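Undergrad: Just so it is clear, I am handing over my_file13.cif, which has mmCIF, C-alpha atoms and all ligand atoms.
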```
data_target
loop_
_atom_site.label_atom_id
_atom_site.label_comp_id
_atom_site.auth_asym_id
_atom_site.auth_seq_id
_atom_site.Cartn_x
_atom_site.Cartn_y
_atom_site.Cartn_z
CA MET A 1 2.62 8.49 -36.87
CA MET A 2 5.74 10.36 -35.74
CA GLU A 3 6.74 9.44 -32.20
CA THR A 4 9.65 10.41 -30.04
CA SER A 5 10.77 8.04 -27.30
CA ASP A 6 9.36 10.25 -24.55
CA LEU A 7 5.92 10.40 -26.28
CA ARG A 8 5.18 13.93 -25.06
CA MET A 9 5.41 15.52 -28.47
CA THR A 10 3.70 12.74 -30.43
CA ARG A 11 1.63 14.23 -33.23
CA ILE A 12 -0.81 12.34 -35.43
CA PRO A 13 -1.22 13.64 -39.00
CA ILE A 14 -4.81 14.49 -39.89
CA LYS A 15 -5.44 12.57 -43.09
CA HIS A 16 -8.96 13.89 -43.76
CA GLY A 17 -8.27 17.57 -43.16
CA THR A 18 -5.31 19.75 -42.37
CA GLY A 19 -2.58 19.67 -39.75
CA GLN A 20 -1.42 17.34 -37.02
CA MET A 21 -3.14 16.47 -33.77
CA PRO A 22 -0.96 16.39 -30.64
CA ALA A 23 -1.68 12.95 -29.19
CA LEU A 24 -1.82 14.30 -25.63
CA GLY A 25 -5.02 16.29 -25.35
CA PHE A 26 -6.44 18.23 -22.43
CA GLY A 27 -10.20 17.88 -21.91
CA THR A 28 -12.08 20.89 -20.60
CA LEU A 29 -15.11 19.19 -19.06
CA ILE A 30 -14.61 20.96 -15.73
CA PRO A 31 -17.73 21.87 -13.71
CA ASP A 32 -16.38 25.14 -12.29
CA ALA A 33 -15.66 28.34 -14.22
CA ALA A 34 -12.65 29.56 -12.21
CA LEU A 35 -11.14 26.08 -12.16
CA THR A 36 -11.58 25.84 -15.94
CA ILE A 37 -9.41 28.94 -16.39
CA ALA A 38 -6.75 27.82 -13.91
CA ALA A 39 -6.58 24.22 -15.14
CA THR A 40 -6.45 25.25 -18.82
CA LYS A 41 -3.57 27.65 -18.11
CA ASP A 42 -1.77 24.98 -16.07
CA ALA A 43 -2.19 22.54 -18.95
CA LEU A 44 -0.77 25.01 -21.48
CA GLU A 45 2.13 25.72 -19.14
CA ALA A 46 2.78 21.99 -18.66
CA GLY A 47 3.07 21.60 -22.44
CA PHE A 48 -0.40 20.48 -23.60
CA ARG A 49 -1.12 21.85 -27.09
CA HIS A 50 -4.43 20.11 -27.77
CA PHE A 51 -7.68 21.26 -26.10
CA ASP A 52 -11.04 19.54 -26.30
CA CYS A 53 -14.08 21.73 -25.65
CA ALA A 54 -17.84 21.56 -26.21
CA GLU A 55 -20.72 24.03 -26.24
CA ARG A 56 -22.40 21.58 -23.83
CA TYR A 57 -19.66 22.07 -21.21
CA ARG A 58 -20.84 25.68 -20.88
CA ASN A 59 -17.31 26.94 -20.29
CA GLU A 60 -15.94 27.77 -23.74
CA ARG A 61 -15.65 31.40 -22.64
CA GLU A 62 -13.40 30.42 -19.72
CA VAL A 63 -11.24 28.21 -21.95
CA GLY A 64 -10.95 31.16 -24.35
CA THR A 65 -9.92 33.46 -21.50
CA ALA A 66 -7.14 31.08 -20.43
CA LEU A 67 -5.95 30.62 -24.01
CA ARG A 68 -5.91 34.37 -24.67
CA GLU A 69 -3.92 35.07 -21.48
CA VAL A 70 -1.28 32.45 -22.28
CA LEU A 71 -0.99 33.54 -25.93
CA ALA A 72 -0.68 37.18 -24.85
CA ALA A 73 2.16 36.30 -22.48
CA GLY A 74 4.12 35.01 -25.51
CA GLY A 75 5.92 31.74 -26.08
CA VAL A 76 2.88 29.94 -27.49
CA THR A 77 1.06 30.86 -30.71
CA ARG A 78 -2.48 30.00 -31.80
CA GLU A 79 -1.06 27.94 -34.69
CA GLU A 80 0.73 25.68 -32.20
CA VAL A 81 -2.47 24.88 -30.34
CA PHE A 82 -4.98 22.35 -31.67
CA MET A 83 -8.50 23.48 -30.73
CA THR A 84 -11.55 21.22 -30.88
CA THR A 85 -15.14 21.89 -29.93
CA LYS A 86 -18.41 20.07 -30.44
CA LEU A 87 -21.89 20.66 -31.82
CA TRP A 88 -24.54 19.82 -29.22
CA ASN A 89 -27.50 17.49 -29.80
CA SER A 90 -30.07 20.32 -29.86
CA ASN A 91 -28.29 21.91 -32.85
CA HIS A 92 -28.37 19.00 -35.32
CA ARG A 93 -30.79 20.66 -37.73
CA PRO A 94 -28.62 21.85 -40.67
CA GLU A 95 -29.76 25.47 -40.36
CA ARG A 96 -28.62 25.51 -36.71
CA VAL A 97 -25.09 24.20 -37.40
CA GLU A 98 -23.32 27.32 -38.66
CA PRO A 99 -24.80 29.62 -35.96
CA ALA A 100 -23.77 27.11 -33.26
CA PHE A 101 -20.28 26.86 -34.75
CA GLU A 102 -19.91 30.66 -34.93
CA ALA A 103 -21.15 31.03 -31.35
CA SER A 104 -18.51 28.56 -30.15
CA LEU A 105 -15.79 30.43 -32.05
CA GLU A 106 -16.96 33.69 -30.48
CA ARG A 107 -16.97 32.25 -26.95
CA LEU A 108 -13.55 30.67 -27.43
CA GLY A 109 -12.26 33.94 -28.92
CA ILE A 110 -10.61 32.25 -31.90
CA LYS A 111 -10.98 32.64 -35.67
CA TYR A 112 -10.87 29.01 -36.75
CA LEU A 113 -11.20 25.54 -35.28
CA ASP A 114 -8.79 22.68 -35.88
CA LEU A 115 -11.56 20.13 -35.36
CA TYR A 116 -15.34 20.33 -35.00
CA LEU A 117 -17.15 17.21 -33.78
CA ILE A 118 -20.79 16.18 -33.68
CA HIS A 119 -20.93 15.57 -29.91
CA THR A 120 -23.25 12.58 -30.14
CA PRO A 121 -25.23 10.96 -33.00
CA PHE A 122 -28.48 11.66 -31.09
CA ALA A 123 -30.52 14.67 -32.25
CA PHE A 124 -32.54 16.35 -29.50
CA GLN A 125 -35.47 18.67 -30.05
CA PRO A 126 -33.96 21.74 -31.72
CA GLY A 127 -33.70 24.90 -29.66
CA GLU A 128 -31.84 26.71 -26.93
CA GLU A 129 -32.75 24.10 -24.28
CA GLN A 130 -29.78 21.71 -24.20
CA ASP A 131 -31.62 19.07 -22.20
CA PRO A 132 -35.22 19.06 -23.54
CA ARG A 133 -37.53 16.74 -21.60
CA ASP A 134 -41.23 15.88 -21.54
CA GLN A 135 -43.37 16.02 -18.36
CA ASN A 136 -42.15 12.56 -17.40
CA GLY A 137 -38.51 13.56 -17.63
CA ASN A 138 -37.87 11.69 -20.86
CA VAL A 139 -35.50 13.28 -23.37
CA LEU A 140 -37.21 14.73 -26.43
CA TYR A 141 -35.39 13.37 -29.45
CA ASP A 142 -35.73 14.89 -32.93
CA GLU A 143 -36.78 12.41 -35.61
CA GLY A 144 -36.74 15.13 -38.27
CA VAL A 145 -33.03 15.14 -39.00
CA THR A 146 -30.52 12.42 -39.84
CA LEU A 147 -26.89 12.25 -38.83
CA LEU A 148 -25.96 12.55 -42.49
CA ASP A 149 -27.97 15.81 -42.80
CA THR A 150 -25.94 17.22 -39.90
CA TRP A 151 -22.68 15.87 -41.33
CA LYS A 152 -23.32 17.65 -44.64
CA ALA A 153 -23.74 20.92 -42.76
CA LEU A 154 -20.35 20.33 -41.11
CA GLU A 155 -18.81 19.71 -44.54
CA THR A 156 -19.98 23.17 -45.54
CA LEU A 157 -18.08 24.65 -42.57
CA VAL A 158 -14.88 23.08 -43.93
CA ASP A 159 -15.68 24.52 -47.38
CA HIS A 160 -15.97 27.97 -45.80
CA GLY A 161 -12.45 27.67 -44.40
CA LYS A 162 -13.08 28.24 -40.71
CA CYS A 163 -12.75 24.62 -39.70
CA ARG A 164 -9.81 22.43 -40.65
CA ALA A 165 -11.34 19.03 -39.95
CA ILE A 166 -14.61 17.47 -38.79
CA GLY A 167 -15.46 14.33 -36.87
CA LEU A 168 -17.80 12.28 -34.71
CA SER A 169 -18.08 11.43 -31.04
CA ASP A 170 -19.87 8.93 -28.75
CA ILE A 171 -20.60 6.68 -31.68
CA GLY A 172 -20.29 3.01 -32.58
CA LEU A 173 -18.49 1.43 -35.53
CA ASP A 174 -21.64 0.89 -37.63
CA LYS A 175 -22.58 4.56 -37.66
CA VAL A 176 -18.96 5.61 -38.27
CA LYS A 177 -18.92 3.33 -41.33
CA THR A 178 -22.19 4.76 -42.63
CA ILE A 179 -20.91 8.34 -42.40
CA TYR A 180 -17.49 7.42 -43.78
CA GLU A 181 -19.04 5.75 -46.80
CA SER A 182 -21.49 8.59 -47.57
CA ALA A 183 -19.33 11.58 -46.71
CA ARG A 184 -17.80 13.96 -49.23
CA ILE A 185 -15.36 15.07 -46.51
CA LYS A 186 -14.45 12.02 -44.42
CA PRO A 187 -14.36 12.10 -40.61
CA ALA A 188 -10.88 13.12 -39.42
CA ALA A 189 -11.41 11.85 -35.87
CA VAL A 190 -13.78 9.81 -33.74
CA GLN A 191 -13.93 10.53 -30.01
CA VAL A 192 -15.04 7.65 -27.79
CA GLU A 193 -14.45 6.27 -24.31
CA SER A 194 -11.38 4.05 -24.47
CA HIS A 195 -8.97 2.57 -21.90
CA PRO A 196 -7.65 -0.91 -21.07
CA TYR A 197 -11.10 -1.98 -19.81
CA LEU A 198 -12.72 -0.75 -23.06
CA PRO A 199 -10.04 -0.91 -25.73
CA GLU A 200 -12.43 -0.50 -28.69
CA THR A 201 -10.03 -2.61 -30.75
CA GLU A 202 -12.36 -3.16 -33.71
CA LEU A 203 -13.12 0.55 -34.00
CA LEU A 204 -9.41 1.39 -33.66
CA GLU A 205 -8.49 -1.02 -36.44
CA TYR A 206 -11.15 0.45 -38.73
CA CYS A 207 -9.97 3.99 -37.92
CA LYS A 208 -6.35 3.12 -38.64
CA GLU A 209 -7.31 1.53 -41.95
CA LYS A 210 -9.28 4.61 -43.01
CA GLY A 211 -6.88 7.24 -41.65
CA ILE A 212 -9.24 8.41 -38.89
CA VAL A 213 -7.75 9.46 -35.53
CA LEU A 214 -9.30 7.65 -32.58
CA LEU A 215 -9.50 10.15 -29.76
CA ALA A 216 -9.82 8.34 -26.41
CA PHE A 217 -11.67 9.91 -23.53
CA ALA A 218 -11.59 8.52 -19.99
CA PRO A 219 -8.02 7.17 -20.47
CA LEU A 220 -7.77 7.18 -16.66
CA GLY A 221 -11.24 5.73 -16.27
CA HIS A 222 -12.65 9.18 -15.40
CA GLY A 223 -10.46 9.01 -12.28
CA MET A 224 -13.05 6.76 -10.59
CA THR A 225 -12.05 4.72 -7.56
CA PRO A 226 -11.84 1.84 -7.31
CA GLY A 227 -10.88 1.74 -10.95
CA LEU A 228 -8.20 1.63 -13.57
CA MET A 229 -5.55 3.57 -11.71
CA ALA A 230 -5.64 0.98 -8.89
CA ASP A 231 -5.69 -2.00 -11.25
CA PRO A 232 -3.03 -4.46 -10.01
CA VAL A 233 -1.44 -4.86 -13.46
CA ILE A 234 -1.20 -1.08 -13.92
CA SER A 235 0.11 -0.48 -10.38
CA ALA A 236 2.77 -3.19 -10.70
CA LEU A 237 3.92 -1.87 -14.09
CA ALA A 238 4.03 1.69 -12.75
CA ALA A 239 6.32 0.57 -9.91
CA ARG A 240 8.46 -1.39 -12.35
CA VAL A 241 8.99 1.44 -14.87
CA GLY A 242 9.22 4.21 -12.27
CA LYS A 243 6.13 6.07 -13.46
CA THR A 244 2.72 6.72 -11.91
CA PRO A 245 -0.36 4.64 -12.86
CA ALA A 246 -1.75 7.67 -14.71
CA GLN A 247 1.45 8.00 -16.75
CA VAL A 248 1.37 4.28 -17.61
CA LEU A 249 -2.25 4.46 -18.80
CA LEU A 250 -1.64 7.57 -20.91
CA ALA A 251 1.53 6.10 -22.45
CA TRP A 252 -0.37 2.92 -23.36
CA ALA A 253 -3.02 4.99 -25.15
CA VAL A 254 -0.48 6.94 -27.19
CA GLN A 255 1.61 3.87 -27.92
CA ARG A 256 -1.34 2.02 -29.46
CA GLY A 257 -1.85 4.88 -31.87
CA THR A 258 -4.71 6.83 -30.33
CA ALA A 259 -4.84 10.44 -29.26
CA LEU A 260 -6.27 10.95 -25.76
CA LEU A 261 -8.03 13.47 -23.55
CA THR A 262 -7.20 13.78 -19.91
CA THR A 263 -8.42 16.34 -17.40
CA PRO A 264 -6.00 16.97 -14.56
CA THR A 265 -7.17 19.93 -12.49
CA THR A 266 -3.99 20.81 -10.61
CA ALA A 267 -0.68 22.11 -11.97
CA ALA A 268 1.18 19.14 -10.48
CA ARG A 269 -1.12 16.63 -12.19
CA ALA A 270 -0.93 18.54 -15.48
CA LYS A 271 2.86 18.15 -15.38
CA GLU A 272 2.55 14.50 -14.36
CA ASN A 273 0.10 13.67 -17.13
CA PHE A 274 2.22 15.41 -19.76
CA ASP A 275 5.42 13.67 -18.72
CA ILE A 276 4.88 10.32 -20.38
CA ALA A 277 7.44 7.93 -21.82
CA ARG A 278 7.30 4.87 -24.06
CA LEU A 279 6.57 1.63 -22.17
CA PRO A 280 8.74 -1.43 -22.76
CA GLU A 281 7.02 -3.77 -25.26
CA ASP A 282 6.38 -6.48 -22.65
CA ALA A 283 4.66 -3.94 -20.37
CA PHE A 284 2.55 -2.70 -23.28
CA ASP A 285 1.58 -6.29 -24.10
CA GLU A 286 0.71 -7.02 -20.50
CA ILE A 287 -1.81 -4.17 -20.51
CA ASN A 288 -3.27 -5.49 -23.76
CA ARG A 289 -3.88 -8.82 -22.01
CA ILE A 290 -6.08 -7.31 -19.26
CA GLN A 291 -9.42 -9.12 -19.53
CA ILE A 292 -11.73 -6.84 -17.50
CA ARG A 293 -14.32 -5.08 -19.67
CA GLN A 294 -16.20 -2.05 -18.37
CA ARG A 295 -17.90 0.93 -19.98
CA LEU A 296 -18.05 3.87 -17.58
CA ASN A 297 -19.97 6.44 -19.58
CA PRO A 298 -23.44 5.57 -20.95
CA VAL A 299 -23.58 8.60 -23.27
CA VAL A 300 -23.02 6.39 -26.33
CA ASN A 301 -26.40 4.69 -25.73
CA THR A 302 -28.60 7.73 -25.19
CA GLY A 303 -26.78 10.96 -26.07
CA ILE A 304 -27.24 12.02 -22.45
CA PRO A 305 -23.78 12.76 -21.08
CA GLY A 306 -22.52 12.07 -17.60
CA PHE A 307 -20.24 14.47 -15.76
CA ILE A 308 -21.82 17.66 -17.14
CA PRO A 309 -22.10 20.70 -14.89
CA ALA A 310 -25.68 21.59 -13.97
CA LYS A 311 -27.11 24.74 -15.50
CA GLY A 312 -25.81 27.86 -13.81
CA GLN A 313 -22.85 26.14 -12.16
CA SER A 314 -20.59 27.24 -14.95
CA ALA A 315 -21.01 30.10 -17.44
N1 LIG B 401 -17.36 12.92 -25.99
C1 LIG B 401 -17.85 12.81 -24.78
O1 LIG B 401 -19.03 12.56 -24.57
C2 LIG B 401 -16.96 12.93 -23.61
C3 LIG B 401 -17.32 12.36 -22.39
C4 LIG B 401 -16.46 12.52 -21.30
C5 LIG B 401 -15.27 13.22 -21.45
N2 LIG B 401 -14.96 13.78 -22.65
C6 LIG B 401 -13.73 14.57 -22.84
O2 LIG B 401 -12.66 13.86 -22.28
C7 LIG B 401 -11.98 14.70 -21.34
C8 LIG B 401 -11.28 13.84 -20.34
O3 LIG B 401 -12.17 13.53 -19.24
P1 LIG B 401 -12.02 12.24 -18.46
O4 LIG B 401 -12.89 12.24 -17.27
O5 LIG B 401 -12.26 11.20 -19.45
O6 LIG B 401 -10.49 12.36 -18.00
P2 LIG B 401 -9.59 11.41 -17.18
O7 LIG B 401 -8.24 12.03 -17.22
O8 LIG B 401 -9.79 9.96 -17.56
O9 LIG B 401 -10.20 11.54 -15.70
C9 LIG B 401 -10.19 12.75 -15.02
C10 LIG B 401 -10.20 12.43 -13.53
O10 LIG B 401 -8.97 11.81 -13.23
C11 LIG B 401 -8.31 12.51 -12.20
N3 LIG B 401 -6.89 12.59 -12.54
C12 LIG B 401 -6.33 13.23 -13.59
N4 LIG B 401 -5.00 13.06 -13.59
C13 LIG B 401 -4.72 12.30 -12.50
C14 LIG B 401 -3.52 11.80 -11.98
N5 LIG B 401 -2.36 12.05 -12.54
N6 LIG B 401 -3.59 11.03 -10.85
C15 LIG B 401 -4.77 10.78 -10.25
N7 LIG B 401 -5.95 11.24 -10.71
C16 LIG B 401 -5.91 11.99 -11.83
C17 LIG B 401 -8.92 13.88 -12.16
O11 LIG B 401 -8.87 14.32 -10.84
P3 LIG B 401 -8.61 15.86 -10.44
O12 LIG B 401 -9.79 16.61 -10.95
O13 LIG B 401 -8.56 15.79 -8.96
O14 LIG B 401 -7.32 16.30 -11.08
C18 LIG B 401 -10.33 13.61 -12.63
O15 LIG B 401 -11.15 13.18 -11.53
C19 LIG B 401 -13.09 15.61 -20.83
O16 LIG B 401 -12.59 16.77 -20.21
C20 LIG B 401 -13.78 15.91 -22.12
O17 LIG B 401 -13.04 16.87 -22.86
C21 LIG B 401 -15.77 13.62 -23.73
#
```
Rewrite the structure of this file - the entire thing - as structure tokens.

TA:
Amino acid sequence: MMETSDLRMTRIPIKHGTGQMPALGFGTLIPDAALTIAATKDALEAGFRHFDCAERYRNEREVGTALREVLAAGGVTREEVFMTTKLWNSNHRPERVEPAFEASLERLGIKYLDLYLIHTPFAFQPGEEQDPRDQNGNVLYDEGVTLLDTWKALETLVDHGKCRAIGLSDIGLDKVKTIYESARIKPAAVQVESHPYLPETELLEYCKEKGIVLLAFAPLGHGMTPGLMADPVISALAARVGKTPAQVLLAWAVQRGTALLTTPTTAARAKENFDIARLPEDAFDEINRIQIRQRLNPVVNTGIPGFIPAKGQSA
């Protein structure tokens, strides 16, 4: 991995695919359409060049609007921006993959994707309903398709040249191994919750060994309080190195070799979260010694995501 001392421009080469992923990624899970546009533009203006989207966030069109406006103003080109989106659970059937992919491209207003992820390994009943439930409110899963079937359909997207890399999300090490071992085109990236309370060390080691980028979401613990940003170790280190707790947590994530996704929703926080610098080794080690373990997002167990805007709240 190429790193500069200030970490802002760290890029991770994509081994299984094409290009380089900027380690600092902006996540677009924002429950309001107007805020999605404003926050995405602020992130581009602050320097973010990596954007994480999903059909399930129901705001790809707004992200595309922001991207188009910033590209049209000049100074940033599409080639400089790393764009990711994700296939939702109700589109796992192979025949649904390419139409879902094309629909995302259309909403984002772009001609190719840098990375396409299977959002979760859980297949839901196929169809337009993203959250299919029975009368008792239980999710309707689809037993008629395997993760490998869906993966093979993603491989075809790479063959067709509109997608530079493919990957997985909300998944444990065992399933990553299974796909890695069976795949013709290996996963380029795996997106999971990861922060000092959930370092996912075993998964990270496997990913490093196989040349897979680990893409950490919730690097700030989803901003929950009380939580990571008020952790005494993090607060004390922030005071010591003259950075904010958010900057310390993001630097730690980049320094351990992961890419990350953060979602600041103001211009000031976008600048803050982009302005990260290498931590001294002893500070980095101190964070590694934190013993608290906490998973914040249960999506990995069920495929049902938290923090998703309700239908109609966002386009
Ligand atoms: N694969 C999946 O299932 C999955 C699940 C969850 C998330 N994700 C991805 O990961 C992205 C990141 O989401 P996240 O919730 O994990 O992001 P995060 O950066 O860990 O947390 C975002 C929260 O932190 C707050 N925040 C951001 N910067 C801050 C700062 N400098 N100081 C204080 N508070 C700050 C934000 O508040 P304000 O809004 O007030 O700025 C927001 O409430 C998502 O947008 C999405 O792309 C993926």

Undergrad: Nearest to A:Arg269 among A:Asn136, A:Pro199, A:Cys207, A:Ala39, with distances taken over all atoms listed in the file: which residue is it?

TA: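 Residue with the minimum atom-to-atom distance to A:Arg269: A:Ala39.
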
Undergrad: Would you list the residues near (-18.4, 34.1, -28.4) (no more than 12 Å away, in the coordinates of the file, using only C-alpha atoms) as a ChimeraX atom specification?

TA: /A:55,58-65,99-111,315

Undergrad: Go ahead and compute the interatomic distance for atom CA of A:Phe274 and atom CA of A:Ile212, in Å to one decimal.

TA: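 Separation between atom CA of A:Phe274 and atom CA of A:Ile212: 23.4 Å.
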
Undergrad: Could you list, as a compact mmCIF listing (two decimals) with C-alpha atoms, in the frame of the given file, all residues that come within 6 Å of ligand LIG 401 (chain B)? Count all atoms listed in the file.

TA:
```txt
# COMPACT_ATOMS: atom_id res chain seq x y z
CA GLY A 27 -10.20 17.88 -21.91
CA THR A 28 -12.08 20.89 -20.60
CA LEU A 29 -15.11 19.19 -19.06
CA ASP A 52 -11.04 19.54 -26.30
CA CYS A 53 -14.08 21.73 -25.65
CA HIS A 119 -20.93 15.57 -29.91
CA SER A 169 -18.08 11.43 -31.04
CA ASP A 170 -19.87 8.93 -28.75
CA GLN A 191 -13.93 10.53 -30.01
CA PHE A 217 -11.67 9.91 -23.53
CA ALA A 218 -11.59 8.52 -19.99
CA PRO A 219 -8.02 7.17 -20.47
CA LEU A 220 -7.77 7.18 -16.66
CA GLY A 221 -11.24 5.73 -16.27
CA HIS A 222 -12.65 9.18 -15.40
CA GLY A 223 -10.46 9.01 -12.28
CA ALA A 246 -1.75 7.67 -14.71
CA LEU A 261 -8.03 13.47 -23.55
CA THR A 262 -7.20 13.78 -19.91
CA THR A 263 -8.42 16.34 -17.40
CA PRO A 264 -6.00 16.97 -14.56
CA THR A 265 -7.17 19.93 -12.49
CA THR A 266 -3.99 20.81 -10.61
CA ARG A 269 -1.12 16.63 -12.19
CA GLU A 272 2.55 14.50 -14.36
CA ASN A 273 0.10 13.67 -17.13
CA PRO A 305 -23.78 12.76 -21.08
```

Undergrad: What is the atom CA of A:Gly172-atom CA of A:Leu117 distance in Å, reported with one decimal?

TA: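 Those two atoms sit 14.6 Å apart.
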
Undergrad: In Å, how far is it from atom CA of A:Asp114 to atom CA of A:Lys162?

TA: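 Spanning atom CA of A:Asp114 to atom CA of A:Lys162 is a straight-line distance of 8.5 Å.
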
Undergrad: Distance table requested - stretch 53-142 of chain A against stretch 181-187 of chain A, cut-off 12 Å, only C-alpha atoms: one row per qualifying residue with the closest atom pair and its distance in Å to one decimal, ordered by chain and rising residue number, as CSV.

TA:
```
residue,atom,partner,partner_atom,distance
A:Leu115,CA,A:Pro187,CA,10.0
A:Tyr116,CA,A:Pro187,CA,10.0
A:Leu117,CA,A:Pro187,CA,9.0
A:Ile118,CA,A:Pro187,CA,10.3
```

Undergrad: Within 7 Å of stretch 249-251 of chain A, counting all atoms listed in the file, which residues show up once you throw out same-chain ones fewer than 2 positions away? Write them as a list in words, please.

TA: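 Counting all atoms listed in the file, the residues come to Pro219, Leu220, Pro245, Ala246, Gln247, Ala253, Val254, Gln255, Ile276, Ala277, Arg278 and Leu279 of chain A.
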
Undergrad: Skip stretch 124-128 of chain A itself and residues of its chain fewer than 6 positions away, then list as a ChimeraX atom specification all residues within 6 Å of it, counting only C-alpha atoms.

TA: /A:89-91,140-142

Undergrad: Given the choices A:Ala43, A:Asp282, A:Ala153, A:Val70, which gets closest to A:Arg93 if the distance is worked out from all atoms listed in the file?

TA: A:Ala153

Undergrad: Set the distance at 12 Å and use all atoms listed in the file: which residues neighbour A:Pro298 once local chain neighbours fewer than 5 positions away are removed? I'd like the list as a list in words.

TA: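 So the residues in contact are Thr120, Asp170, Ile171, Val192, Glu193, Gly303, Ile304, Pro305, Gly306 and Phe307 of chain A.
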
Undergrad: Calculated over all atoms listed in the file, which of the candidates A:Leu44, A:Leu260, A:Ala54, A:Met21 has the smallest distance to A:Phe82?

TA: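 For A:Phe82, the nearest of the given residues is A:Met21.
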
Undergrad: Within 8 Å of (-4.7, 19.9, -28.4), all atoms listed in the file: residues as a PyMOL selection string?

TA: chain A and resi 21-26+48-52+81-84

Undergrad: At a cut-off of 9 Å, using only C-alpha atoms, what residues contact A:Ile292? Leave out same-chain residues fewer than 5 positions from it and give the result as a tab-separated table (two decimals) with C-alpha atoms, keeping the file's coordinate frame.

TA:
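Result file is out.tsv:
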```
chain	number	residue	atom	x	y	z
A	196	PRO	CA	-7.65	-0.91	-21.07
A	197	TYR	CA	-11.10	-1.98	-19.81
A	198	LEU	CA	-12.72	-0.75	-23.06
```

Undergrad: As a short mmCIF file (atom, residue, chain, number, x, y, z; two decimals) with C-alpha atoms, in the coordinates of the input, please: the residues near stretch 237-239 of chain A (cut-off 7 Å, all atoms listed in the file, same-chain neighbours under 4 positions excluded).

TA:
```cif
data_model
loop_
_atom_site.label_atom_id
_atom_site.label_comp_id
_atom_site.auth_asym_id
_atom_site.auth_seq_id
_atom_site.Cartn_x
_atom_site.Cartn_y
_atom_site.Cartn_z
CA VAL A 233 -1.44 -4.86 -13.46
CA LYS A 243 6.13 6.07 -13.46
CA THR A 244 2.72 6.72 -11.91
CA PRO A 245 -0.36 4.64 -12.86
CA VAL A 248 1.37 4.28 -17.61
CA ALA A 283 4.66 -3.94 -20.37
#
```

Undergrad: Which one is closest to A:Glu80: A:Val158, A:Leu67, A:Ala267, A:Val213? Count only C-alpha atoms.

TA: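 The answer is A:Leu67, which sits nearest to A:Glu80.
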